[in-house]
$ cat input_36.cif   # mmCIF, C-alpha atoms and all ligand atoms
data_protein
loop_
_atom_site.label_atom_id
_atom_site.label_comp_id
_atom_site.auth_asym_id
_atom_site.auth_seq_id
_atom_site.Cartn_x
_atom_site.Cartn_y
_atom_site.Cartn_z
CA MET G 1 -233.06 -230.20 -187.34
CA LYS G 2 -230.93 -233.16 -186.40
CA ASN G 3 -228.96 -231.14 -183.83
CA LEU G 4 -232.24 -230.71 -181.89
CA GLU G 5 -232.69 -234.39 -181.27
CA ALA G 6 -233.14 -235.43 -177.69
CA VAL G 7 -229.78 -236.25 -176.09
CA ALA G 8 -231.21 -237.68 -172.86
CA GLY G 9 -234.44 -239.17 -171.58
CA ASN G 10 -237.73 -237.26 -171.30
CA GLY G 11 -236.90 -234.72 -174.02
CA LEU G 12 -233.63 -233.05 -172.98
CA LEU G 13 -232.13 -231.42 -176.09
CA ASP G 14 -228.58 -230.71 -177.19
CA ARG G 15 -227.20 -227.57 -175.51
CA ARG G 16 -225.67 -226.59 -178.86
CA ALA G 17 -229.20 -225.69 -180.00
CA PHE G 18 -228.53 -222.35 -178.27
CA LEU G 19 -225.59 -221.65 -180.54
CA ARG G 20 -227.43 -222.74 -183.67
CA GLY G 21 -230.56 -220.66 -183.31
CA GLY G 22 -231.97 -221.38 -179.88
CA ALA G 23 -235.64 -221.04 -179.18
CA ALA G 24 -236.68 -220.27 -182.75
CA LEU G 25 -235.31 -223.59 -183.99
CA ALA G 26 -236.65 -225.44 -181.02
CA ALA G 27 -240.10 -223.98 -181.60
CA ALA G 28 -239.93 -224.86 -185.29
CA MET G 29 -239.07 -228.40 -184.33
CA THR G 30 -242.44 -229.00 -182.70
CA GLY G 31 -244.37 -226.97 -185.30
CA TYR G 32 -245.54 -224.12 -183.09
CA THR G 33 -244.33 -220.71 -181.96
CA LEU G 34 -244.25 -219.35 -178.43
CA ALA G 35 -245.51 -215.98 -179.76
CA GLY G 36 -249.04 -215.11 -180.94
CA PRO G 37 -249.98 -214.25 -184.55
CA ALA G 38 -249.59 -210.54 -185.50
CA SER G 39 -252.40 -208.79 -187.44
CA ALA G 40 -251.77 -205.86 -189.85
CA GLU G 41 -252.19 -203.16 -187.13
CA PRO G 42 -251.39 -205.05 -183.93
CA LEU G 43 -250.26 -202.26 -181.56
CA ALA G 44 -252.70 -200.07 -179.60
CA ASP G 45 -251.70 -196.79 -177.90
CA ASP G 46 -252.00 -197.35 -174.17
CA PRO G 47 -252.06 -194.42 -171.67
CA TRP G 48 -248.27 -194.51 -171.22
CA SER G 49 -247.85 -193.87 -174.95
CA ARG G 50 -250.14 -190.80 -174.95
CA ALA G 51 -248.65 -188.57 -172.22
CA PRO G 52 -245.30 -187.84 -170.59
CA GLY G 53 -244.24 -190.42 -168.02
CA THR G 54 -243.37 -190.12 -164.35
CA ASN G 55 -240.41 -188.12 -163.05
CA VAL G 56 -237.07 -189.86 -162.88
CA PRO G 57 -236.39 -190.72 -159.23
CA ALA G 58 -233.06 -189.78 -157.61
CA TYR G 59 -232.55 -193.43 -156.69
CA GLY G 60 -234.30 -195.96 -158.90
CA VAL G 61 -236.46 -198.83 -157.73
CA PRO G 62 -237.95 -201.65 -159.84
CA SER G 63 -241.28 -201.27 -161.68
CA ARG G 64 -244.44 -201.28 -159.54
CA PHE G 65 -245.37 -204.47 -161.39
CA GLU G 66 -242.40 -206.27 -159.81
CA LYS G 67 -243.54 -205.87 -156.19
CA SER G 68 -243.56 -209.63 -155.63
CA VAL G 69 -239.83 -209.90 -156.35
CA VAL G 70 -238.68 -209.62 -152.74
CA ARG G 71 -236.73 -211.47 -150.08
CA THR G 72 -238.70 -213.64 -147.65
CA LEU G 73 -238.07 -212.70 -144.01
CA SER G 74 -237.89 -215.09 -141.07
CA ASN G 75 -239.24 -212.40 -138.72
CA PRO G 76 -241.88 -210.65 -140.84
CA ASN G 77 -243.40 -208.98 -137.76
CA GLY G 78 -240.09 -207.72 -136.41
CA GLU G 79 -239.71 -210.50 -133.82
CA PRO G 80 -236.33 -210.12 -132.06
CA ARG G 81 -234.32 -213.10 -133.30
CA THR G 82 -231.70 -214.07 -135.86
CA GLN G 83 -233.08 -212.53 -139.03
CA HIS G 84 -232.90 -214.21 -142.42
CA GLY G 85 -233.79 -212.57 -145.73
CA ARG G 86 -233.72 -215.09 -148.58
CA THR G 87 -232.93 -214.43 -152.26
CA PRO G 88 -235.80 -215.18 -154.72
CA HIS G 89 -233.72 -217.25 -157.16
CA HIS G 90 -236.83 -218.35 -159.10
CA LEU G 91 -237.64 -214.72 -159.97
CA LEU G 92 -234.12 -213.69 -161.03
CA GLN G 93 -231.91 -214.46 -164.03
CA GLY G 94 -228.22 -214.15 -164.81
CA THR G 95 -225.64 -214.38 -162.04
CA TYR G 96 -225.48 -211.06 -160.12
CA THR G 97 -227.83 -210.67 -157.17
CA PRO G 98 -229.27 -207.15 -157.00
CA ASN G 99 -228.20 -205.49 -153.74
CA GLY G 100 -231.73 -205.18 -152.37
CA LEU G 101 -232.24 -208.93 -152.89
CA HIS G 102 -228.87 -210.21 -151.62
CA PHE G 103 -229.59 -212.62 -148.80
CA VAL G 104 -229.00 -211.36 -145.28
CA ILE G 105 -228.41 -213.15 -142.01
CA SER G 106 -228.07 -210.81 -139.07
CA HIS G 107 -228.03 -212.36 -135.65
CA ALA G 108 -229.06 -209.16 -133.89
CA GLY G 109 -230.38 -206.93 -136.64
CA ASP G 110 -228.41 -204.73 -139.02
CA ALA G 111 -225.97 -202.41 -137.26
CA ASP G 112 -226.66 -198.77 -138.18
CA ILE G 113 -223.08 -197.53 -138.42
CA ASP G 114 -221.91 -193.94 -138.89
CA PRO G 115 -219.00 -194.41 -141.31
CA GLU G 116 -217.22 -191.35 -139.91
CA LYS G 117 -217.00 -192.98 -136.51
CA HIS G 118 -216.24 -196.53 -137.58
CA ARG G 119 -212.67 -197.84 -137.13
CA LEU G 120 -210.92 -201.07 -138.14
CA VAL G 121 -208.01 -202.20 -135.97
CA ILE G 122 -205.41 -204.79 -136.98
CA HIS G 123 -203.41 -205.86 -133.95
CA GLY G 124 -202.18 -208.86 -131.92
CA LEU G 125 -199.19 -210.71 -133.39
CA VAL G 126 -198.20 -207.93 -135.80
CA LYS G 127 -195.09 -205.74 -135.90
CA ARG G 128 -197.08 -202.49 -136.05
CA PRO G 129 -200.72 -202.36 -134.86
CA LEU G 130 -202.78 -200.00 -137.06
CA LEU G 131 -206.16 -198.28 -136.82
CA PHE G 132 -207.93 -197.53 -140.12
CA THR G 133 -210.69 -195.04 -140.88
CA LEU G 134 -212.95 -195.65 -143.88
CA ASP G 135 -211.32 -192.66 -145.59
CA ALA G 136 -207.87 -194.16 -145.12
CA LEU G 137 -208.96 -197.56 -146.48
CA ALA G 138 -210.59 -195.94 -149.50
CA ARG G 139 -207.16 -194.54 -150.54
CA TYR G 140 -205.56 -197.98 -150.91
CA PRO G 141 -205.47 -199.66 -154.34
CA MET G 142 -208.80 -201.41 -154.88
CA VAL G 143 -209.49 -204.89 -156.14
CA SER G 144 -212.81 -206.21 -157.52
CA ARG G 145 -214.07 -209.71 -157.77
CA MET G 146 -217.34 -211.41 -158.47
CA THR G 147 -218.00 -213.95 -155.76
CA PHE G 148 -220.84 -215.72 -153.98
CA VAL G 149 -221.52 -215.69 -150.26
CA GLU G 150 -223.38 -218.72 -148.92
CA CYS G 151 -224.50 -219.46 -145.38
CA GLY G 152 -223.25 -222.83 -144.12
CA GLY G 153 -226.91 -223.52 -143.26
CA ASN G 154 -228.16 -222.90 -146.80
CA SER G 155 -230.11 -225.90 -148.15
CA ALA G 156 -230.22 -227.49 -144.66
CA PRO G 157 -233.92 -228.47 -145.20
CA LEU G 158 -232.59 -231.16 -147.58
CA PHE G 159 -231.18 -233.02 -144.57
CA SER G 160 -234.79 -233.73 -143.48
CA ARG G 161 -236.16 -237.26 -143.85
CA GLU G 162 -239.08 -236.19 -146.04
CA PRO G 163 -238.80 -233.56 -148.77
CA ILE G 164 -240.05 -230.21 -147.47
CA GLN G 165 -242.48 -228.60 -149.92
CA ALA G 166 -241.02 -225.16 -150.39
CA SER G 167 -239.68 -222.84 -153.08
CA VAL G 168 -236.08 -222.65 -154.25
CA GLN G 169 -236.02 -219.36 -152.31
CA ALA G 170 -236.90 -221.14 -149.05
CA LEU G 171 -234.56 -224.08 -149.71
CA HIS G 172 -231.52 -222.40 -151.30
CA GLY G 173 -232.11 -218.66 -150.74
CA LEU G 174 -229.19 -218.21 -148.32
CA ALA G 175 -226.68 -217.82 -151.17
CA SER G 176 -226.16 -214.77 -153.40
CA CYS G 177 -223.49 -213.41 -155.72
CA ALA G 178 -222.15 -209.89 -156.20
CA GLU G 179 -219.18 -207.96 -157.49
CA TRP G 180 -217.30 -206.86 -154.38
CA THR G 181 -214.69 -204.10 -154.39
CA GLY G 182 -212.32 -203.23 -151.61
CA VAL G 183 -208.79 -203.58 -150.30
CA ALA G 184 -206.88 -206.88 -150.40
CA LEU G 185 -206.30 -207.94 -146.79
CA SER G 186 -202.79 -209.07 -147.78
CA ALA G 187 -201.93 -205.43 -148.59
CA LEU G 188 -202.92 -204.29 -145.08
CA LEU G 189 -201.06 -207.18 -143.42
CA GLU G 190 -198.01 -206.22 -145.43
CA GLU G 191 -198.19 -202.83 -143.75
CA THR G 192 -198.74 -204.08 -140.20
CA GLY G 193 -196.18 -206.86 -140.65
CA VAL G 194 -196.94 -210.37 -139.40
CA ASP G 195 -195.20 -211.98 -136.42
CA PRO G 196 -194.03 -215.44 -137.55
CA LYS G 197 -195.90 -216.94 -134.54
CA ALA G 198 -199.26 -215.80 -136.00
CA LYS G 199 -201.26 -218.65 -137.58
CA TRP G 200 -204.85 -217.36 -137.27
CA LEU G 201 -206.68 -214.10 -137.13
CA VAL G 202 -209.82 -213.42 -135.17
CA ALA G 203 -212.27 -211.22 -137.10
CA GLU G 204 -214.86 -209.33 -135.06
CA GLY G 205 -217.91 -207.29 -136.07
CA ALA G 206 -219.18 -204.04 -134.53
CA ASP G 207 -222.76 -205.31 -134.12
CA ALA G 208 -224.25 -206.07 -130.68
CA PRO G 209 -223.16 -209.75 -130.60
CA ALA G 210 -219.65 -208.70 -131.76
CA LEU G 211 -219.76 -211.81 -133.96
CA SER G 212 -216.27 -213.24 -134.21
CA ARG G 213 -214.68 -216.05 -136.18
CA SER G 214 -211.14 -217.44 -136.43
CA VAL G 215 -209.65 -217.40 -139.93
CA PRO G 216 -206.45 -219.22 -140.93
CA LEU G 217 -203.72 -216.71 -141.80
CA ALA G 218 -203.15 -218.51 -145.11
CA LYS G 219 -206.65 -217.54 -146.31
CA ALA G 220 -206.15 -213.96 -145.11
CA LEU G 221 -202.99 -213.72 -147.25
CA ASP G 222 -204.61 -215.47 -150.23
CA ASP G 223 -207.81 -213.87 -151.58
CA ALA G 224 -209.41 -212.22 -148.52
CA MET G 225 -210.73 -208.70 -149.00
CA ILE G 226 -211.99 -205.84 -146.84
CA ALA G 227 -215.05 -205.17 -149.01
CA LEU G 228 -216.33 -201.58 -149.22
CA TYR G 229 -218.49 -201.75 -152.36
CA GLN G 230 -221.16 -204.20 -153.54
CA ASN G 231 -222.14 -204.19 -157.22
CA GLY G 232 -220.58 -200.76 -157.56
CA GLU G 233 -222.21 -198.96 -154.64
CA ARG G 234 -221.30 -198.92 -150.95
CA LEU G 235 -222.23 -202.09 -149.07
CA MET G 236 -225.88 -202.40 -148.06
CA PRO G 237 -226.42 -201.94 -144.29
CA GLY G 238 -227.54 -205.58 -144.06
CA ASN G 239 -224.41 -206.80 -145.83
CA GLY G 240 -221.96 -205.04 -143.50
CA TYR G 241 -221.85 -201.29 -144.22
CA PRO G 242 -219.36 -199.71 -144.22
CA MET G 243 -216.96 -202.71 -144.41
CA ARG G 244 -216.97 -206.49 -144.17
CA LEU G 245 -214.52 -209.33 -144.37
CA LEU G 246 -214.93 -211.22 -147.65
CA LEU G 247 -213.50 -214.75 -147.81
CA PRO G 248 -214.34 -215.98 -151.33
CA GLY G 249 -215.79 -219.50 -151.33
CA TRP G 250 -215.83 -219.89 -147.56
CA GLU G 251 -218.71 -220.37 -145.11
CA GLY G 252 -220.93 -217.28 -144.97
CA ASN G 253 -220.67 -216.88 -141.19
CA MET G 254 -216.91 -216.20 -141.45
CA ASN G 255 -217.51 -213.23 -143.75
CA VAL G 256 -217.78 -210.93 -140.74
CA LYS G 257 -219.95 -207.88 -141.39
CA TRP G 258 -219.47 -204.42 -139.83
CA LEU G 259 -215.84 -205.53 -139.40
CA ARG G 260 -213.99 -203.64 -136.65
CA ARG G 261 -211.16 -205.92 -135.47
CA LEU G 262 -208.62 -208.35 -136.92
CA LYS G 263 -206.45 -209.79 -134.18
CA LEU G 264 -203.56 -212.05 -135.21
CA VAL G 265 -203.15 -214.99 -132.84
CA GLU G 266 -201.44 -218.36 -132.55
CA ALA G 267 -204.54 -220.57 -132.20
CA PRO G 268 -208.26 -220.29 -133.01
CA ALA G 269 -210.39 -218.45 -130.45
CA MET G 270 -213.08 -221.19 -130.16
CA SER G 271 -215.72 -218.49 -130.53
CA TYR G 272 -219.46 -219.14 -130.19
CA TYR G 273 -220.19 -219.88 -133.85
CA GLU G 274 -217.14 -222.05 -134.48
CA SER G 275 -217.71 -224.19 -131.40
CA ARG G 276 -221.51 -224.41 -131.46
CA THR G 277 -223.56 -223.71 -134.61
CA TYR G 278 -220.86 -224.58 -137.11
CA ALA G 279 -219.60 -227.65 -135.28
CA PRO G 280 -222.45 -230.17 -135.76
CA ILE G 281 -221.90 -233.76 -134.63
CA LEU G 282 -221.36 -236.31 -137.43
CA PRO G 283 -222.80 -239.86 -137.40
CA ASN G 284 -219.35 -241.09 -136.27
CA GLY G 285 -219.54 -238.87 -133.17
CA LYS G 286 -216.89 -236.37 -134.29
CA ALA G 287 -217.59 -232.63 -134.52
CA TYR G 288 -217.72 -231.21 -138.03
CA GLN G 289 -215.61 -228.20 -137.09
CA PHE G 290 -213.34 -225.75 -138.92
CA TYR G 291 -214.78 -226.90 -142.21
CA PHE G 292 -214.67 -223.72 -144.22
CA LEU G 293 -215.26 -224.49 -147.91
CA GLN G 294 -218.63 -224.13 -149.59
CA GLU G 295 -218.27 -227.07 -151.96
CA VAL G 296 -219.46 -227.58 -155.53
CA LYS G 297 -223.24 -227.27 -155.83
CA SER G 298 -226.05 -226.52 -158.25
CA PHE G 299 -229.83 -226.27 -158.31
CA ILE G 300 -232.43 -225.60 -160.97
CA THR G 301 -234.24 -222.28 -160.61
CA HIS G 302 -236.42 -222.47 -163.75
CA PRO G 303 -238.67 -224.38 -163.49
CA SER G 304 -238.95 -224.73 -159.73
CA PRO G 305 -241.81 -224.99 -157.19
CA GLY G 306 -244.34 -222.19 -157.66
CA LEU G 307 -243.58 -221.78 -161.37
CA MET G 308 -246.16 -223.72 -163.45
CA LEU G 309 -245.55 -225.25 -166.88
CA LYS G 310 -248.59 -224.11 -168.85
CA ALA G 311 -248.52 -226.60 -171.74
CA PRO G 312 -246.25 -229.26 -173.21
CA GLY G 313 -243.53 -228.07 -175.57
CA PHE G 314 -240.31 -226.13 -175.44
CA TYR G 315 -238.82 -224.87 -172.16
CA GLU G 316 -235.41 -223.74 -171.07
CA ILE G 317 -234.23 -225.43 -167.90
CA SER G 318 -231.83 -223.12 -166.12
CA GLY G 319 -230.13 -222.80 -162.78
CA ILE G 320 -227.11 -221.77 -160.78
CA ALA G 321 -223.87 -223.65 -160.11
CA TYR G 322 -220.91 -222.57 -157.96
CA SER G 323 -217.94 -223.91 -156.05
CA GLY G 324 -215.70 -222.52 -153.32
CA ASN G 325 -212.90 -224.48 -155.02
CA GLY G 326 -212.80 -222.45 -158.23
CA ARG G 327 -214.58 -222.46 -161.59
CA ILE G 328 -217.48 -224.66 -162.59
CA SER G 329 -216.26 -227.03 -165.31
CA LYS G 330 -219.45 -228.91 -166.20
CA VAL G 331 -223.13 -229.17 -165.29
CA MET G 332 -225.25 -232.17 -166.24
CA VAL G 333 -229.05 -232.10 -166.20
CA SER G 334 -231.50 -235.00 -166.00
CA ALA G 335 -235.24 -235.00 -166.73
CA ASP G 336 -235.78 -238.62 -165.68
CA GLY G 337 -234.62 -238.60 -162.07
CA GLY G 338 -230.96 -239.28 -162.83
CA GLN G 339 -231.27 -242.23 -165.27
CA SER G 340 -229.88 -240.23 -168.20
CA TRP G 341 -228.07 -236.89 -168.40
CA ALA G 342 -227.51 -234.06 -170.88
CA GLN G 343 -224.66 -231.56 -170.61
CA ALA G 344 -225.82 -227.98 -169.96
CA ALA G 345 -224.50 -224.83 -171.68
CA LEU G 346 -222.57 -222.61 -169.25
CA HIS G 347 -223.12 -218.89 -169.63
CA GLU G 348 -219.84 -216.98 -170.05
CA PRO G 349 -217.87 -215.71 -168.29
CA VAL G 350 -217.39 -218.67 -165.95
CA LEU G 351 -215.66 -217.10 -162.94
CA SER G 352 -213.90 -218.71 -160.01
CA LYS G 353 -216.00 -218.91 -156.79
CA ALA G 354 -218.91 -217.12 -158.49
CA PHE G 355 -222.40 -218.10 -159.65
CA THR G 356 -222.44 -219.70 -163.10
CA ARG G 357 -225.74 -219.83 -164.99
CA PHE G 358 -226.45 -223.08 -166.83
CA ARG G 359 -229.11 -223.71 -169.46
CA VAL G 360 -230.53 -226.75 -171.27
CA PRO G 361 -233.28 -226.78 -173.91
CA TRP G 362 -236.11 -229.15 -173.05
CA ASN G 363 -239.07 -230.45 -175.01
CA TRP G 364 -241.59 -231.41 -172.34
CA ASN G 365 -243.93 -234.10 -173.59
CA GLY G 366 -246.52 -233.35 -170.92
CA GLY G 367 -245.76 -236.47 -168.90
CA PRO G 368 -244.33 -236.73 -165.38
CA ALA G 369 -240.63 -235.84 -165.14
CA VAL G 370 -238.02 -235.41 -162.41
CA LEU G 371 -235.49 -232.63 -163.02
CA GLN G 372 -232.04 -232.69 -161.43
CA SER G 373 -228.74 -230.89 -161.95
CA ARG G 374 -225.25 -231.96 -160.97
CA ALA G 375 -222.11 -229.80 -161.11
CA TRP G 376 -218.37 -230.39 -161.42
CA ASP G 377 -215.61 -227.91 -160.58
CA GLU G 378 -212.17 -227.35 -162.09
CA ALA G 379 -210.53 -228.94 -159.03
CA GLY G 380 -212.22 -232.20 -160.10
CA ASN G 381 -214.90 -232.28 -157.38
CA VAL G 382 -218.36 -233.52 -158.25
CA GLN G 383 -221.56 -232.52 -156.51
CA PRO G 384 -222.75 -235.54 -154.48
CA THR G 385 -226.15 -237.13 -154.89
CA ARG G 386 -228.44 -236.67 -151.88
CA ALA G 387 -227.90 -240.32 -150.88
CA GLN G 388 -224.12 -239.84 -150.94
CA ILE G 389 -224.10 -236.79 -148.70
CA ILE G 390 -226.64 -238.28 -146.26
CA ALA G 391 -224.44 -241.38 -145.95
CA VAL G 392 -221.48 -239.28 -144.80
CA ARG G 393 -223.17 -236.50 -142.90
CA GLY G 394 -226.36 -238.10 -141.58
CA GLN G 395 -229.85 -236.66 -141.72
CA ALA G 396 -231.99 -234.63 -139.39
CA ALA G 397 -233.30 -236.33 -136.26
CA LYS G 398 -236.88 -237.64 -136.54
CA VAL G 399 -237.91 -235.30 -133.76
CA PRO G 400 -236.73 -231.87 -134.89
CA ARG G 401 -234.12 -230.37 -132.61
CA VAL G 402 -234.37 -226.81 -131.35
CA THR G 403 -231.41 -225.59 -133.38
CA ALA G 404 -232.34 -223.83 -136.60
CA PHE G 405 -230.11 -225.99 -138.79
CA PRO G 406 -230.16 -229.77 -138.35
CA SER G 407 -226.81 -229.78 -140.11
CA GLN G 408 -224.51 -227.67 -142.25
CA HIS G 409 -223.03 -227.52 -145.75
CA TYR G 410 -225.61 -229.51 -147.76
CA ASN G 411 -224.35 -229.54 -151.34
CA GLY G 412 -226.17 -232.61 -152.66
CA VAL G 413 -228.51 -232.79 -155.64
CA THR G 414 -232.00 -231.19 -155.57
CA SER G 415 -234.88 -232.91 -157.43
CA TRP G 416 -237.99 -231.22 -158.79
CA ALA G 417 -240.90 -233.41 -159.91
CA ILE G 418 -243.11 -232.13 -162.76
CA SER G 419 -246.69 -233.44 -162.72
CA SER G 420 -248.65 -233.90 -165.95
CA ALA G 421 -250.60 -230.79 -164.90
CA GLY G 422 -247.31 -228.85 -165.04
CA ALA G 423 -246.94 -228.31 -161.27
CA VAL G 424 -243.46 -228.48 -159.75
CA SER G 425 -242.79 -230.11 -156.37
CA HIS G 426 -239.76 -231.01 -154.26
CA VAL G 427 -238.98 -234.75 -154.14
CA TYR G 428 -236.16 -237.05 -153.06
CA ALA G 429 -235.21 -239.17 -156.07
N1 LIG M 1 -220.98 -209.09 -137.55
C1 LIG M 1 -221.73 -210.05 -138.14
N2 LIG M 1 -221.23 -210.69 -139.21
C2 LIG M 1 -221.95 -211.66 -139.80
C3 LIG M 1 -223.25 -212.03 -139.32
C4 LIG M 1 -223.76 -211.31 -138.20
O1 LIG M 1 -224.87 -211.55 -137.72
N3 LIG M 1 -222.97 -210.32 -137.63
N4 LIG M 1 -223.91 -213.07 -139.94
C5 LIG M 1 -223.06 -214.07 -140.58
C6 LIG M 1 -223.75 -215.10 -141.30
S1 LIG M 1 -224.43 -216.38 -140.40
C7 LIG M 1 -223.72 -215.18 -142.67
S2 LIG M 1 -224.32 -216.51 -143.48
C8 LIG M 1 -223.17 -214.08 -143.49
C9 LIG M 1 -224.24 -213.56 -144.40
O2 LIG M 1 -223.79 -212.46 -145.15
P1 LIG M 1 -224.88 -211.48 -145.79
O3 LIG M 1 -225.88 -211.14 -144.71
O4 LIG M 1 -224.12 -210.30 -146.29
O5 LIG M 1 -225.54 -212.24 -146.90
O6 LIG M 1 -222.70 -212.99 -142.67
C10 LIG M 1 -222.04 -213.41 -141.52
N5 LIG M 1 -221.42 -212.28 -140.89
MO MO M 2 -224.76 -218.21 -141.80
#
$ encode --input "input_36.cif" --output "structure tokens"
Amino acid sequence: MKNLEAVAGNGLLDRRAFLRGGAALAAAMTGYTLAGPASAEPLADDPWSRAPGTNVPAYGVPSRFEKSVVRTLSNPNGEPRTQHGRTPHHLLQGTYTPNGLHFVISHAGDADIDPEKHRLVIHGLVKRPLLFTLDALARYPMVSRMTFVECGGNSAPLFSREPIQASVQALHGLASCAEWTGVALSALLEETGVDPKAKWLVAEGADAPALSRSVPLAKALDDAMIALYQNGERLMPGNGYPMRLLLPGWEGNMNVKWLRRLKLVEAPAMSYYESRTYAPILPNGKAYQFYFLQEVKSFITHPSPGLMLKAPGFYEISGIAYSGNGRISKVMVSADGGQSWAQAALHEPVLSKAFTRFRVPWNWNGGPAVLQSRAWDEAGNVQPTRAQIIAVRGQAAKVPRVTAFPSQHYNGVTSWAISSAGAVSHVYA
């Protein structure tokens, strides 16, 4: 059992335990099993084993026992406001977010678009302005990629002076990951032709606020996509049906939903969101503007606040890591508030600009512990500690301001404290 020795403080075990037998070995190590003893005739016939089951629905929904696995809504009573639906990371596993649980931010509700009537125009500084129907777009060669979308305001509660007691869903639920399929924007720009004067393109949605954002032409020609499908089916209404701009790794707000216009221009439009919400003032007095990347980040989902540890012994610590800069190269996990670290196993495949699931075996001794994760990406960036990011970006004013997000783009470390009773809380360590 020597490969199951602790490799860091407070009982973190070698990630290679997963390759060499995983939970069974870990359980053996402490002389107990996570399962109960089986008698000679252990299985009873319950009602579902004695009669035919229910009819297969035309469109499936999860089991009635999974009713609590839902997004949390910021306007549960339908209040007219910017609506947020947050992903329940603590109740999910793997790396794809199911479509019904993908986070949503809609500033004036979800546009209810008739796909027959919807049009996308590409115009401005192009050689040949073009108007696309959905049918026309669907005939272009398709590309697929797994990528996350994250709101620039995700994790903003961690800019507060005191740790806010809330679930990983409330703190980090404005990020999700899906396989998106659609048409490469570069292919469409090839067709319209690009005037050499064009440096930006203004993307506009068909919803009531006509949300618009300026996108550098270089990104549009790199990996931008007009997404039509989400995890294999057409986009969800809340995620931009029938088409959205997808800018892998870039600030959620720029991924314009219900996309109807791409106008090529010489200079950014200074639209509402790029000059107000996503231009917070830094401690040095400068505006934090046109900062597009969602940088390397990770957080632990299991365990996390709301999930109790029932007894000392073996647990798997797992979470999500991602970077707008490319692949995740390494995740380190601490159980002693950052004094010592163990390297986590990364679940394959590790994809660029997509969620990566990490796992570490842990033998909890029943004492207090502080769990943290820290990620690295292939471009060599390391996730900052909370102290590091606060030093550069500042923290929320003592008196809360009216704006929803005290600041943007928090990618620092998250710390969960485990009490000896097994309760998980949010702390700054
Ligand atoms: N047209 C339009 N596009 C939009 C929005 C919107 O309200 N209208 N919300 C933006 C914001 S703030 C974010 S974070 C992302 C969220 O994408 P999702 O709702 O598909 O998760 O969409 C962006 N695109
Ligand atoms: Mo956002």
$ closest_residue --input "input_36.cif" --among "G:Pro303, G:Pro242, G:Gly380, G:Gly173" --to "Leu134 (chain G)" --atoms "only C-alpha atoms"
G:Pro242
$ residues_near_ligand --input "input_36.cif" --ligand "ligand LIG 1 (chain M)" --cutoff "6 Å" --atoms "only C-alpha atoms and all ligand atoms" --output "ChimeraX atom specification"
/G:103-107,150-151,205,207,210-211,238-239,252-258
$ residues_near_point --input "input_36.cif" --point "(-213.1, -221.1, -154.0)" --cutoff "8 Å" --atoms "only C-alpha atoms" --output "ChimeraX atom specification"
/G:248-250,293-294,323-327,352-353
$ closest_residue --input "input_36.cif" --among "G:Ala391, G:Ala417, G:Trp376, G:Trp341" --to "Asp14 (chain G)" --atoms "all atoms listed in the file"
G:Trp341
$ atom_distance --input "input_36.cif" --atom1 "CA of Glu295 (chain G)" --atom2 "CA of Ser271 (chain G)"
23.2 Å
$ residues_near_point --input "input_36.cif" --point "(-206.1, -199.9, -139.4)" --cutoff "7 Å" --atoms "all atoms listed in the file" --output "compact mmCIF listing (two decimals) with C-alpha atoms, in the coordinates of the input"
# COMPACT_ATOMS: atom_id res chain seq x y z
CA LEU G 120 -210.92 -201.07 -138.14
CA VAL G 121 -208.01 -202.20 -135.97
CA ILE G 122 -205.41 -204.79 -136.98
CA LEU G 130 -202.78 -200.00 -137.06
CA LEU G 131 -206.16 -198.28 -136.82
CA PHE G 132 -207.93 -197.53 -140.12
CA THR G 133 -210.69 -195.04 -140.88
$ closest_residue --input "input_36.cif" --among "G:Asp336, G:Glu116, G:Glu266, G:Glu162" --to "Leu12 (chain G)" --atoms "all atoms listed in the file"
G:Asp336
$ atom_distance --input "input_36.cif" --atom1 "CA of Pro268 (chain G)" --atom2 "CA of Leu217 (chain G)"
10.5 Å
$ closest_residue --input "input_36.cif" --among "G:Leu43, G:Ala227, G:Ala375, G:Ala184" --to "Lys330 (chain G)" --atoms "only C-alpha atoms"
G:Ala375
$ closest_residue --input "input_36.cif" --among "G:Gly338, G:Gly367, G:Gly85, G:Gly313" --to "ligand MO 2 (chain M)" --atoms "all atoms listed in the file"
G:Gly85
$ residues_around --input "input_36.cif" --residues "Val427 (chain G)" --least-positions-apart "4" --cutoff "12 Å" --atoms "only C-alpha atoms" --output "number ranges by chain"
G: 158, 160-167, 304-305, 337, 369-372, 386, 413-419
$ write_last_selection --input "input_36.cif" --atoms "C-alpha atoms" --output "tab-separated table (two decimals), in the frame of the given file"
chain	number	residue	atom	x	y	z
G	158	LEU	CA	-232.59	-231.16	-147.58
G	160	SER	CA	-234.79	-233.73	-143.48
G	161	ARG	CA	-236.16	-237.26	-143.85
G	162	GLU	CA	-239.08	-236.19	-146.04
G	163	PRO	CA	-238.80	-233.56	-148.77
G	164	ILE	CA	-240.05	-230.21	-147.47
G	165	GLN	CA	-242.48	-228.60	-149.92
G	166	ALA	CA	-241.02	-225.16	-150.39
G	167	SER	CA	-239.68	-222.84	-153.08
G	304	SER	CA	-238.95	-224.73	-159.73
G	305	PRO	CA	-241.81	-224.99	-157.19
G	337	GLY	CA	-234.62	-238.60	-162.07
G	369	ALA	CA	-240.63	-235.84	-165.14
G	370	VAL	CA	-238.02	-235.41	-162.41
G	371	LEU	CA	-235.49	-232.63	-163.02
G	372	GLN	CA	-232.04	-232.69	-161.43
G	386	ARG	CA	-228.44	-236.67	-151.88
G	413	VAL	CA	-228.51	-232.79	-155.64
G	414	THR	CA	-232.00	-231.19	-155.57
G	415	SER	CA	-234.88	-232.91	-157.43
G	416	TRP	CA	-237.99	-231.22	-158.79
G	417	ALA	CA	-240.90	-233.41	-159.91
G	418	ILE	CA	-243.11	-232.13	-162.76
G	419	SER	CA	-246.69	-233.44	-162.72
